[in-house]
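Student: File start02.cif below, mmCIF, C-alpha atoms:
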```cif
data_query
loop_
_atom_site.group_PDB
_atom_site.id
_atom_site.type_symbol
_atom_site.label_atom_id
_atom_site.label_comp_id
_atom_site.auth_asym_id
_atom_site.auth_seq_id
_atom_site.Cartn_x
_atom_site.Cartn_y
_atom_site.Cartn_z
ATOM 1 C CA MET A 1 14.762 15.988 -28.382
ATOM 2 C CA GLU A 2 11.609 15.158 -26.497
ATOM 3 C CA ASN A 3 10.593 11.559 -25.869
ATOM 4 C CA ILE A 4 7.534 10.342 -27.722
ATOM 5 C CA TYR A 5 5.348 7.883 -25.813
ATOM 6 C CA ILE A 6 2.718 5.359 -26.803
ATOM 7 C CA GLY A 7 -0.174 5.385 -24.356
ATOM 8 C CA TYR A 8 -2.468 2.380 -23.858
ATOM 9 C CA HIS A 9 -5.761 3.146 -22.118
ATOM 10 C CA PHE A 10 -7.206 -0.097 -20.719
ATOM 11 C CA SER A 11 -10.772 -0.724 -19.588
ATOM 12 C CA VAL A 12 -10.875 -3.815 -17.352
ATOM 13 C CA GLU A 13 -13.886 -5.767 -16.007
ATOM 14 C CA PRO A 14 -13.746 -6.707 -13.207
ATOM 15 C CA LYS A 15 -11.288 -3.922 -12.493
ATOM 16 C CA GLU A 16 -9.758 -5.798 -9.551
ATOM 17 C CA PRO A 17 -7.874 -8.065 -9.666
ATOM 18 C CA GLY A 18 -7.838 -7.723 -13.475
ATOM 19 C CA SER A 19 -5.910 -4.455 -13.512
ATOM 20 C CA GLU A 20 -3.337 -5.750 -11.040
ATOM 21 C CA ILE A 21 -2.729 -8.915 -13.041
ATOM 22 C CA LEU A 22 -2.460 -7.024 -16.329
ATOM 23 C CA ILE A 23 -0.070 -4.469 -14.803
ATOM 24 C CA ALA A 24 2.102 -7.297 -13.488
ATOM 25 C CA GLU A 25 2.325 -8.787 -16.978
ATOM 26 C CA LEU A 26 2.979 -5.433 -18.646
ATOM 27 C CA GLY A 27 5.649 -4.794 -16.027
ATOM 28 C CA GLU A 28 7.759 -7.446 -17.763
ATOM 29 C CA LYS A 29 7.754 -5.198 -20.849
ATOM 30 C CA PRO A 30 9.451 -1.768 -21.172
ATOM 31 C CA PHE A 31 6.378 0.137 -19.941
ATOM 32 C CA GLU A 32 7.461 3.034 -17.720
ATOM 33 C CA SER A 33 4.288 4.091 -15.966
ATOM 34 C CA PHE A 34 0.853 2.881 -14.926
ATOM 35 C CA ILE A 35 -1.810 5.383 -13.930
ATOM 36 C CA GLU A 36 -5.139 4.253 -12.488
ATOM 37 C CA THR A 37 -8.331 5.447 -14.160
ATOM 38 C CA GLU A 38 -12.003 5.071 -13.350
ATOM 39 C CA THR A 39 -12.437 1.995 -15.558
ATOM 40 C CA GLY A 40 -8.922 0.532 -15.436
ATOM 41 C CA PHE A 41 -5.575 2.180 -16.049
ATOM 42 C CA SER A 42 -3.291 3.772 -18.606
ATOM 43 C CA ALA A 43 0.160 2.392 -19.456
ATOM 44 C CA PHE A 44 2.954 4.316 -21.158
ATOM 45 C CA ILE A 45 5.988 3.173 -23.139
ATOM 46 C CA GLN A 46 8.599 5.127 -25.088
ATOM 47 C CA LYS A 47 7.908 4.821 -28.800
ATOM 48 C CA HIS A 48 11.409 3.619 -29.648
ATOM 49 C CA LEU A 49 10.900 0.653 -27.275
ATOM 50 C CA TRP A 50 7.439 -0.173 -28.652
ATOM 51 C CA THR A 51 6.577 -2.856 -31.216
ATOM 52 C CA ASP A 52 3.190 -3.530 -32.764
ATOM 53 C CA ASP A 53 3.165 -7.068 -31.334
ATOM 54 C CA ILE A 54 4.068 -6.036 -27.778
ATOM 55 C CA LEU A 55 0.782 -7.354 -26.339
ATOM 56 C CA ASN A 56 0.786 -10.672 -28.230
ATOM 57 C CA ASP A 57 1.998 -12.799 -25.297
ATOM 58 C CA ILE A 58 0.003 -11.063 -22.543
ATOM 59 C CA TYR A 59 -1.854 -14.039 -21.076
ATOM 60 C CA ILE A 60 -4.735 -12.209 -19.375
ATOM 61 C CA LEU A 61 -5.862 -10.611 -22.651
ATOM 62 C CA GLY A 62 -6.959 -14.074 -23.788
ATOM 63 C CA SER A 63 -8.624 -15.030 -20.503
ATOM 64 C CA ASP A 64 -12.380 -15.610 -20.376
ATOM 65 C CA GLU A 65 -12.446 -14.357 -16.761
ATOM 66 C CA PHE A 66 -11.924 -10.724 -17.717
ATOM 67 C CA LYS A 67 -13.309 -8.326 -20.291
ATOM 68 C CA ILE A 68 -10.483 -6.057 -21.425
ATOM 69 C CA SER A 69 -10.499 -3.411 -24.145
ATOM 70 C CA TYR A 70 -8.067 -0.623 -24.930
ATOM 71 C CA THR A 71 -7.288 2.356 -27.098
ATOM 72 C CA ILE A 72 -3.847 3.543 -28.189
ATOM 73 C CA GLU A 73 -2.531 7.044 -28.705
ATOM 74 C CA GLU A 74 0.810 8.660 -29.467
ATOM 75 C CA ILE A 75 1.850 11.310 -26.958
ATOM 76 C CA GLU A 76 4.606 13.782 -27.762
ATOM 77 C CA GLN A 77 5.285 14.830 -24.211
ATOM 78 C CA VAL A 78 4.072 13.606 -20.818
ATOM 79 C CA ASN A 79 4.180 15.870 -17.780
ATOM 80 C CA TRP A 80 4.623 13.032 -15.288
ATOM 81 C CA ASN A 81 4.476 15.252 -12.215
ATOM 82 C CA GLU A 82 1.158 16.686 -13.356
ATOM 83 C CA GLU A 83 -0.211 13.211 -14.106
ATOM 84 C CA TRP A 84 0.809 11.895 -10.696
ATOM 85 C CA GLU A 85 -0.644 14.900 -8.873
ATOM 86 C CA LYS A 86 -3.944 14.203 -10.619
ATOM 87 C CA ASN A 87 -3.976 10.444 -10.067
ATOM 88 C CA PHE A 88 -1.733 9.367 -7.189
ATOM 89 C CA GLU A 89 -3.601 8.706 -3.965
ATOM 90 C CA PRO A 90 -1.881 8.391 -0.586
ATOM 91 C CA ILE A 91 -1.857 5.037 1.189
ATOM 92 C CA ASP A 92 -3.286 4.883 4.703
ATOM 93 C CA VAL A 93 -2.515 1.625 6.504
ATOM 94 C CA ASP A 94 -4.699 1.051 9.545
ATOM 95 C CA GLY A 95 -4.448 4.716 10.521
ATOM 96 C CA THR A 96 -0.889 4.066 11.713
ATOM 97 C CA CYS A 97 1.232 4.499 8.593
ATOM 98 C CA HIS A 98 0.644 7.097 5.881
ATOM 99 C CA VAL A 99 2.535 6.882 2.575
ATOM 100 C CA ARG A 100 2.118 10.112 0.646
ATOM 101 C CA ALA A 101 3.641 12.239 -2.069
ATOM 102 C CA PRO A 102 5.220 15.624 -1.268
ATOM 103 C CA PHE A 103 2.102 17.418 -2.528
ATOM 104 C CA HIS A 104 -0.200 15.609 -0.054
ATOM 105 C CA PRO A 105 -0.845 17.197 3.372
ATOM 106 C CA LYS A 106 0.825 15.698 6.434
ATOM 107 C CA THR A 107 -1.430 13.660 8.708
ATOM 108 C CA GLU A 108 -1.171 12.654 12.363
ATOM 109 C CA ALA A 109 -0.199 9.066 11.476
ATOM 110 C CA GLN A 110 2.514 7.604 13.702
ATOM 111 C CA TYR A 111 4.649 6.808 10.654
ATOM 112 C CA ASP A 112 4.536 9.454 7.931
ATOM 113 C CA ILE A 113 6.473 8.398 4.819
ATOM 114 C CA VAL A 114 6.954 10.857 1.960
ATOM 115 C CA ILE A 115 7.644 9.259 -1.421
ATOM 116 C CA GLU A 116 8.238 11.004 -4.735
ATOM 117 C CA PRO A 117 5.977 8.738 -6.830
ATOM 118 C CA LYS A 118 7.296 9.439 -10.337
ATOM 119 C CA MET A 119 6.907 6.574 -12.769
ATOM 120 C CA SER A 120 7.348 3.259 -10.945
ATOM 121 C CA PHE A 121 4.799 3.906 -8.241
ATOM 122 C CA GLY A 122 1.683 2.680 -10.015
ATOM 123 C CA THR A 123 -1.445 0.911 -8.861
ATOM 124 C CA GLY A 124 0.424 -2.390 -9.084
ATOM 125 C CA HIS A 125 2.300 -1.511 -5.911
ATOM 126 C CA HIS A 126 -0.608 -0.650 -3.674
ATOM 127 C CA GLU A 127 -1.911 -4.066 -2.592
ATOM 128 C CA THR A 128 1.447 -5.676 -1.913
ATOM 129 C CA THR A 129 2.961 -2.588 -0.309
ATOM 130 C CA HIS A 130 -0.062 -2.262 1.972
ATOM 131 C CA MET A 131 0.303 -5.839 3.240
ATOM 132 C CA MET A 132 4.058 -5.598 3.734
ATOM 133 C CA ILE A 133 3.532 -2.425 5.739
ATOM 134 C CA GLN A 134 0.981 -4.292 7.859
ATOM 135 C CA HIS A 135 3.519 -7.036 8.549
ATOM 136 C CA LEU A 136 6.156 -4.490 9.555
ATOM 137 C CA LEU A 137 3.719 -2.645 11.812
ATOM 138 C CA GLU A 138 2.919 -5.909 13.613
ATOM 139 C CA ASN A 139 6.545 -6.917 14.155
ATOM 140 C CA ASP A 140 9.192 -5.630 16.537
ATOM 141 C CA VAL A 141 12.137 -4.864 14.263
ATOM 142 C CA VAL A 142 14.294 -2.827 16.673
ATOM 143 C CA ASP A 143 18.016 -3.395 16.076
ATOM 144 C CA MET A 144 17.315 -5.950 13.339
ATOM 145 C CA LYS A 145 19.783 -6.044 10.459
ATOM 146 C CA THR A 146 17.394 -5.786 7.524
ATOM 147 C CA LEU A 147 17.293 -6.444 3.779
ATOM 148 C CA ASP A 148 14.693 -4.810 1.514
ATOM 149 C CA MET A 149 15.017 -6.889 -1.682
ATOM 150 C CA GLY A 150 13.397 -5.395 -4.768
ATOM 151 C CA CYS A 151 13.071 -2.158 -2.839
ATOM 152 C CA GLY A 152 11.345 -0.131 -5.581
ATOM 153 C CA THR A 153 10.883 3.286 -3.991
ATOM 154 C CA ALA A 154 12.330 2.108 -0.616
ATOM 155 C CA ILE A 155 9.037 2.544 1.234
ATOM 156 C CA LEU A 156 9.547 -0.624 3.273
ATOM 157 C CA ALA A 157 13.179 0.107 4.101
ATOM 158 C CA ILE A 158 12.162 3.575 5.283
ATOM 159 C CA LEU A 159 9.399 2.195 7.531
ATOM 160 C CA ALA A 160 11.793 -0.424 8.914
ATOM 161 C CA GLU A 161 14.219 2.324 9.930
ATOM 162 C CA MET A 162 11.410 4.385 11.442
ATOM 163 C CA LYS A 163 10.582 1.341 13.566
ATOM 164 C CA GLY A 164 14.159 0.953 14.766
ATOM 165 C CA ALA A 165 15.751 -1.516 12.337
ATOM 166 C CA HIS A 166 19.416 -0.976 11.423
ATOM 167 C CA PRO A 167 21.533 -1.300 9.424
ATOM 168 C CA ILE A 168 19.355 -1.732 6.321
ATOM 169 C CA ASP A 169 20.363 -2.773 2.812
ATOM 170 C CA ALA A 170 17.935 -1.844 0.016
ATOM 171 C CA ILE A 171 18.557 -3.577 -3.323
ATOM 172 C CA ASP A 172 16.897 -3.233 -6.718
ATOM 173 C CA ILE A 173 17.999 -4.347 -10.174
ATOM 174 C CA ASP A 174 16.378 -1.319 -11.829
ATOM 175 C CA ASN A 175 18.552 1.801 -12.094
ATOM 176 C CA TRP A 176 15.639 4.187 -11.692
ATOM 177 C CA CYS A 177 14.531 2.384 -8.513
ATOM 178 C CA TYR A 178 18.095 2.514 -7.198
ATOM 179 C CA LEU A 179 18.310 6.277 -7.736
ATOM 180 C CA ASN A 180 14.793 6.943 -6.467
ATOM 181 C CA SER A 181 15.400 4.864 -3.327
ATOM 182 C CA ILE A 182 18.437 6.994 -2.499
ATOM 183 C CA GLU A 183 16.338 10.118 -3.016
ATOM 184 C CA ASN A 184 13.476 8.856 -0.863
ATOM 185 C CA ALA A 185 15.774 7.681 1.954
ATOM 186 C CA GLU A 186 17.253 11.179 2.070
ATOM 187 C CA ARG A 187 13.800 12.780 1.844
ATOM 188 C CA ASN A 188 12.738 10.874 4.978
ATOM 189 C CA ASN A 189 15.972 11.674 6.855
ATOM 190 C CA CYS A 190 17.060 8.037 6.998
ATOM 191 C CA LYS A 191 20.596 7.465 8.296
ATOM 192 C CA HIS A 192 20.867 3.660 8.265
ATOM 193 C CA ILE A 193 19.816 2.681 4.718
ATOM 194 C CA SER A 194 22.423 1.672 2.127
ATOM 195 C CA VAL A 195 21.037 1.351 -1.419
ATOM 196 C CA TYR A 196 22.564 -0.990 -4.004
ATOM 197 C CA GLU A 197 21.840 -1.637 -7.669
ATOM 198 C CA GLY A 198 21.858 -5.339 -8.504
ATOM 199 C CA ASP A 199 20.309 -8.729 -7.792
ATOM 200 C CA ALA A 200 20.688 -11.648 -5.373
ATOM 201 C CA ALA A 201 24.356 -11.996 -6.303
ATOM 202 C CA LEU A 202 24.953 -9.074 -3.929
ATOM 203 C CA LEU A 203 23.815 -11.220 -0.974
ATOM 204 C CA LYS A 204 26.919 -13.410 -0.895
ATOM 205 C CA ASP A 205 28.461 -13.434 2.606
ATOM 206 C CA LYS A 206 25.687 -11.150 3.948
ATOM 207 C CA LYS A 207 23.590 -11.929 7.029
ATOM 208 C CA TYR A 208 20.234 -10.447 8.081
ATOM 209 C CA ASP A 209 17.707 -10.784 10.907
ATOM 210 C CA LEU A 210 14.834 -9.603 8.691
ATOM 211 C CA ILE A 211 14.371 -9.976 4.937
ATOM 212 C CA ILE A 212 11.632 -8.106 3.086
ATOM 213 C CA ALA A 213 11.082 -9.368 -0.483
ATOM 214 C CA ASN A 214 8.262 -7.794 -2.470
ATOM 215 C CA ILE A 215 9.012 -9.296 -5.889
ATOM 216 C CA ASN A 216 7.246 -11.536 -8.405
ATOM 217 C CA ARG A 217 6.905 -15.293 -7.938
ATOM 218 C CA ASN A 218 9.518 -16.413 -10.450
ATOM 219 C CA ILE A 219 12.278 -14.255 -9.019
ATOM 220 C CA LEU A 220 11.394 -15.294 -5.461
ATOM 221 C CA LEU A 221 11.591 -18.966 -6.397
ATOM 222 C CA ASN A 222 14.813 -18.490 -8.318
ATOM 223 C CA ASP A 223 16.517 -16.617 -5.467
ATOM 224 C CA MET A 224 14.957 -18.402 -2.473
ATOM 225 C CA GLN A 225 18.140 -20.298 -1.540
ATOM 226 C CA ALA A 226 20.117 -17.038 -1.531
ATOM 227 C CA TYR A 227 17.609 -15.522 0.907
ATOM 228 C CA VAL A 228 17.685 -18.526 3.217
ATOM 229 C CA ASP A 229 21.491 -18.641 3.154
ATOM 230 C CA CYS A 230 21.780 -15.069 4.404
ATOM 231 C CA LEU A 231 19.045 -15.279 7.070
ATOM 232 C CA ASN A 232 20.297 -15.408 10.645
ATOM 233 C CA GLU A 233 19.019 -18.037 13.080
ATOM 234 C CA ASN A 234 15.514 -17.143 14.315
ATOM 235 C CA GLY A 235 15.275 -14.669 11.441
ATOM 236 C CA THR A 236 12.098 -13.564 9.664
ATOM 237 C CA ILE A 237 11.266 -13.328 5.942
ATOM 238 C CA LEU A 238 8.291 -11.344 4.619
ATOM 239 C CA PHE A 239 7.209 -12.156 1.055
ATOM 240 C CA SER A 240 4.776 -10.487 -1.322
ATOM 241 C CA GLY A 241 4.359 -9.697 -5.015
ATOM 242 C CA PHE A 242 2.364 -12.778 -6.023
ATOM 243 C CA TYR A 243 -1.155 -14.176 -6.084
ATOM 244 C CA GLU A 244 -3.223 -16.638 -4.077
ATOM 245 C CA GLU A 245 -2.669 -19.370 -6.657
ATOM 246 C CA ASP A 246 1.117 -18.958 -6.323
ATOM 247 C CA ILE A 247 1.166 -19.894 -2.621
ATOM 248 C CA PRO A 248 1.753 -23.670 -3.099
ATOM 249 C CA PHE A 249 4.922 -22.963 -5.127
ATOM 250 C CA ILE A 250 6.280 -20.411 -2.646
ATOM 251 C CA ASP A 251 5.386 -22.554 0.373
ATOM 252 C CA ALA A 252 6.952 -25.705 -1.090
ATOM 253 C CA SER A 253 10.214 -23.865 -1.720
ATOM 254 C CA CYS A 254 10.245 -22.314 1.751
ATOM 255 C CA THR A 255 9.406 -25.573 3.525
ATOM 256 C CA GLU A 256 12.036 -27.497 1.562
ATOM 257 C CA LYS A 257 14.657 -25.008 2.712
ATOM 258 C CA GLY A 258 13.713 -25.209 6.392
ATOM 259 C CA LEU A 259 11.480 -22.157 6.803
ATOM 260 C CA THR A 260 8.320 -22.305 8.927
ATOM 261 C CA PHE A 261 5.089 -20.584 7.841
ATOM 262 C CA VAL A 262 3.674 -18.071 10.347
ATOM 263 C CA LYS A 263 1.047 -15.821 8.768
ATOM 264 C CA LYS A 264 -0.765 -14.924 5.544
ATOM 265 C CA LEU A 265 -2.315 -11.593 4.568
ATOM 266 C CA GLN A 266 -4.529 -11.106 1.510
ATOM 267 C CA ARG A 267 -5.922 -8.117 -0.384
ATOM 268 C CA ASN A 268 -8.022 -8.927 -3.428
ATOM 269 C CA ASN A 269 -6.050 -11.721 -5.133
ATOM 270 C CA TRP A 270 -2.648 -10.544 -3.860
ATOM 271 C CA VAL A 271 -1.076 -12.266 -0.856
ATOM 272 C CA SER A 272 1.788 -11.733 1.574
ATOM 273 C CA LEU A 273 3.408 -14.481 3.644
ATOM 274 C CA LYS A 274 5.554 -14.472 6.784
ATOM 275 C CA TYR A 275 8.108 -17.212 7.477
ATOM 276 C CA VAL A 276 10.743 -17.768 10.168
ATOM 277 C CA ASN A 277 13.693 -20.131 10.396
#
```
Please lay out the structure from this file as structure tokens.
Tutor:
Amino acid sequence: MENIYIGYHFSVEPKEPGSEILIAELGEKPFESFIETETGFSAFIQKHLWTDDILNDIYILGSDEFKISYTIEEIEQVNWNEEWEKNFEPIDVDGTCHVRAPFHPKTEAQYDIVIEPKMSFGTGHHETTHMMIQHLLENDVVDMKTLDMGCGTAILAILAEMKGAHPIDAIDIDNWCYLNSIENAERNNCKHISVYEGDAALLKDKKYDLIIANINRNILLNDMQAYVDCLNENGTILFSGFYEEDIPFIDASCTEKGLTFVKKLQRNNWVSLKYVN
């Protein structure tokens, strides 16, 4: 029996950061895919997981800062590969790192990462992933024991290995991300990445030189002590997945736990922070 999907087609003004904020909120619901469009994006959810009040508590829809409209349609079958080939654009970070799908041509970038995009690699990942890649490109990670927390498609773990980090643990609570991270690590011939399905409870008795955490603000704040507890002396933590207005909360938690702020990156309203202990 084929899955039936409900498709929401959003028009967002201004498109950025409106689309990113809306995607982040919808990401807390059972939506499976976000595909960028000219005026915003489309979001898809399986019909059996959908309710007619699913958008009732989406905060940005009531904000005066954005003009958001949408249409809804029922879709009997979605050819995800075809949709991604039409809509997924490769990521080029400073001409040094290229993140592309298998159907994109290889470039001469120093770090060429091939990711099967599928359903969790939507526009919501681009800004934060771009900044975390920039941090990794700027840092010497050779021989660093590394944690990629909330690994998603394992892009950051893969780049860390390409830059000489090992061993690397990649953790995600989502089963699809867990399976896709294994697939992508193999696709990029990685030998030092171990992928685990779970949350911060897996960090007990672990120690790392480098922690990469590209997750939302609430989870970061909730799990901050677990990160600090497993960070080696003179270790580095890279954070992203939150907005400019979230910085005071993240910084207060980090400072309280003995971390020292080093650097901030920003793209649109998304930010990424580097701390050391």
Student: When you count all atoms listed in the file, which of these residues is closest to Phe242 of chain A: A:Val271, A:Val142, A:Ile212, A:Cys230?
Tutor: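 Of the candidates, the smallest distance to Phe242 of chain A is held by A:Val271.
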Student: Please expand the PyMOL selection byres ((chain A and resi 98-111) around 10) into the concrete residues it hits in this file, giving the result as a ChimeraX atom specification.
Tutor: /A:84-85,88-97,112-118,129-130,133,137,155,158-159,162-163,187
Student: Between atom CA of Ser33 of chain A and atom CA of Asp246 of chain A, what is the distance in Å, rounded to a tenth?
Tutor: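 Interatomic distance here is 25.2 Å.
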Student: What gap, in Å, lies between atom CA of Phe31 of chain A and atom CA of Gly152 of chain A?
Tutor: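 Atom CA of Gly152 of chain A lies 15.2 Å from atom CA of Phe31 of chain A.
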Student: Give me the result of the PyMOL selection byres ((chain A and resi 191-193) around 12) on this file, residue by residue, as a ChimeraX atom specification.
Tutor: /A:143-148,151,154-171,181-190,194-196
Student: Please produce a file of the residues just selected, as a tab-separated table (two decimals), in the coordinates of the input, where the atoms kept are C-alpha atoms.
Tutor:
```tsv
chain	number	residue	atom	x	y	z
A	143	ASP	CA	18.02	-3.40	16.08
A	144	MET	CA	17.32	-5.95	13.34
A	145	LYS	CA	19.78	-6.04	10.46
A	146	THR	CA	17.39	-5.79	7.52
A	147	LEU	CA	17.29	-6.44	3.78
A	148	ASP	CA	14.69	-4.81	1.51
A	151	CYS	CA	13.07	-2.16	-2.84
A	154	ALA	CA	12.33	2.11	-0.62
A	155	ILE	CA	9.04	2.54	1.23
A	156	LEU	CA	9.55	-0.62	3.27
A	157	ALA	CA	13.18	0.11	4.10
A	158	ILE	CA	12.16	3.58	5.28
A	159	LEU	CA	9.40	2.19	7.53
A	160	ALA	CA	11.79	-0.42	8.91
A	161	GLU	CA	14.22	2.32	9.93
A	162	MET	CA	11.41	4.38	11.44
A	163	LYS	CA	10.58	1.34	13.57
A	164	GLY	CA	14.16	0.95	14.77
A	165	ALA	CA	15.75	-1.52	12.34
A	166	HIS	CA	19.42	-0.98	11.42
A	167	PRO	CA	21.53	-1.30	9.42
A	168	ILE	CA	19.36	-1.73	6.32
A	169	ASP	CA	20.36	-2.77	2.81
A	170	ALA	CA	17.93	-1.84	0.02
A	171	ILE	CA	18.56	-3.58	-3.32
A	181	SER	CA	15.40	4.86	-3.33
A	182	ILE	CA	18.44	6.99	-2.50
A	183	GLU	CA	16.34	10.12	-3.02
A	184	ASN	CA	13.48	8.86	-0.86
A	185	ALA	CA	15.77	7.68	1.95
A	186	GLU	CA	17.25	11.18	2.07
A	187	ARG	CA	13.80	12.78	1.84
A	188	ASN	CA	12.74	10.87	4.98
A	189	ASN	CA	15.97	11.67	6.86
A	190	CYS	CA	17.06	8.04	7.00
A	194	SER	CA	22.42	1.67	2.13
A	195	VAL	CA	21.04	1.35	-1.42
A	196	TYR	CA	22.56	-0.99	-4.00
```
Student: Return as a PyMOL selection string the set of residues that the PyMOL selection byres ((chain A and resi 205) around 12) yields on the displayed structure.
Tutor: chain A and resi 200-204+206-208+226-232
Student: Taking into account all atoms listed in the file, which residue in the set A:Asn175, A:Gln46, A:Asn139, A:Ser11 is nearest to Ile68 of chain A?
Tutor: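 Nearest candidate to Ile68 of chain A out of A:Asn175, A:Gln46, A:Asn139, A:Ser11: A:Ser11.
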Student: Pick out the residues sitting within 10 Å of Glu16 of chain A, and hand them over as an NGL selection string; count only C-alpha atoms, and ignore anything fewer than 6 positions along from it in its own chain.
Tutor: :A and (40 or 66 or 268-269)
Student: Need to verify the contact set: Thr260 of chain A, 9 Å, only C-alpha atoms, exclusion of same-chain residues closer than 3 positions in sequence. Can you return it as an NGL selection string?
Tutor: :A and (254-255 or 274-277)
Student: Is there a way to get, as a PyMOL selection string, all residues within 10 Å of the point (-2.3, -8.6, -12.8) in file coordinates, counting only C-alpha atoms?
Tutor: chain A and resi 16-27+59-60+124+242-243+269-270
Student: Which residue is closest to Thr236 of chain A? Choose from A:Leu259, A:Ile219, A:Ile250, A:Met224 and count all atoms listed in the file.
Tutor: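 Comparing A:Leu259, A:Ile219, A:Ile250, A:Met224 against Thr236 of chain A, the winner is A:Leu259.
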Student: So which residues touch Gly241 of chain A within 6 Å, counting only C-alpha atoms, skipping near sequence neighbours fewer than 4 positions away, as a PyMOL selection string?
Tutor: chain A and resi 128+214-216
Student: Just checking: using only C-alpha atoms, which residue out of A:Gly258, A:Gly198, A:Pro14, A:Gly7 ends up closest to Asn234 of chain A?
Tutor: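 Using only C-alpha atoms, Asn234 of chain A sits closest to A:Gly258.
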Student: How big is the axis-aligned box around the listed atoms of segment 163-180 of chain A once 6 Å is added on each side, and where is its centre? Give both in Å to one decimal, as JSON.
Tutor:
```
{"center_x": 16.1, "center_y": 1.3, "center_z": 1.3, "size_x": 23.0, "size_y": 23.3, "size_z": 38.9}
```
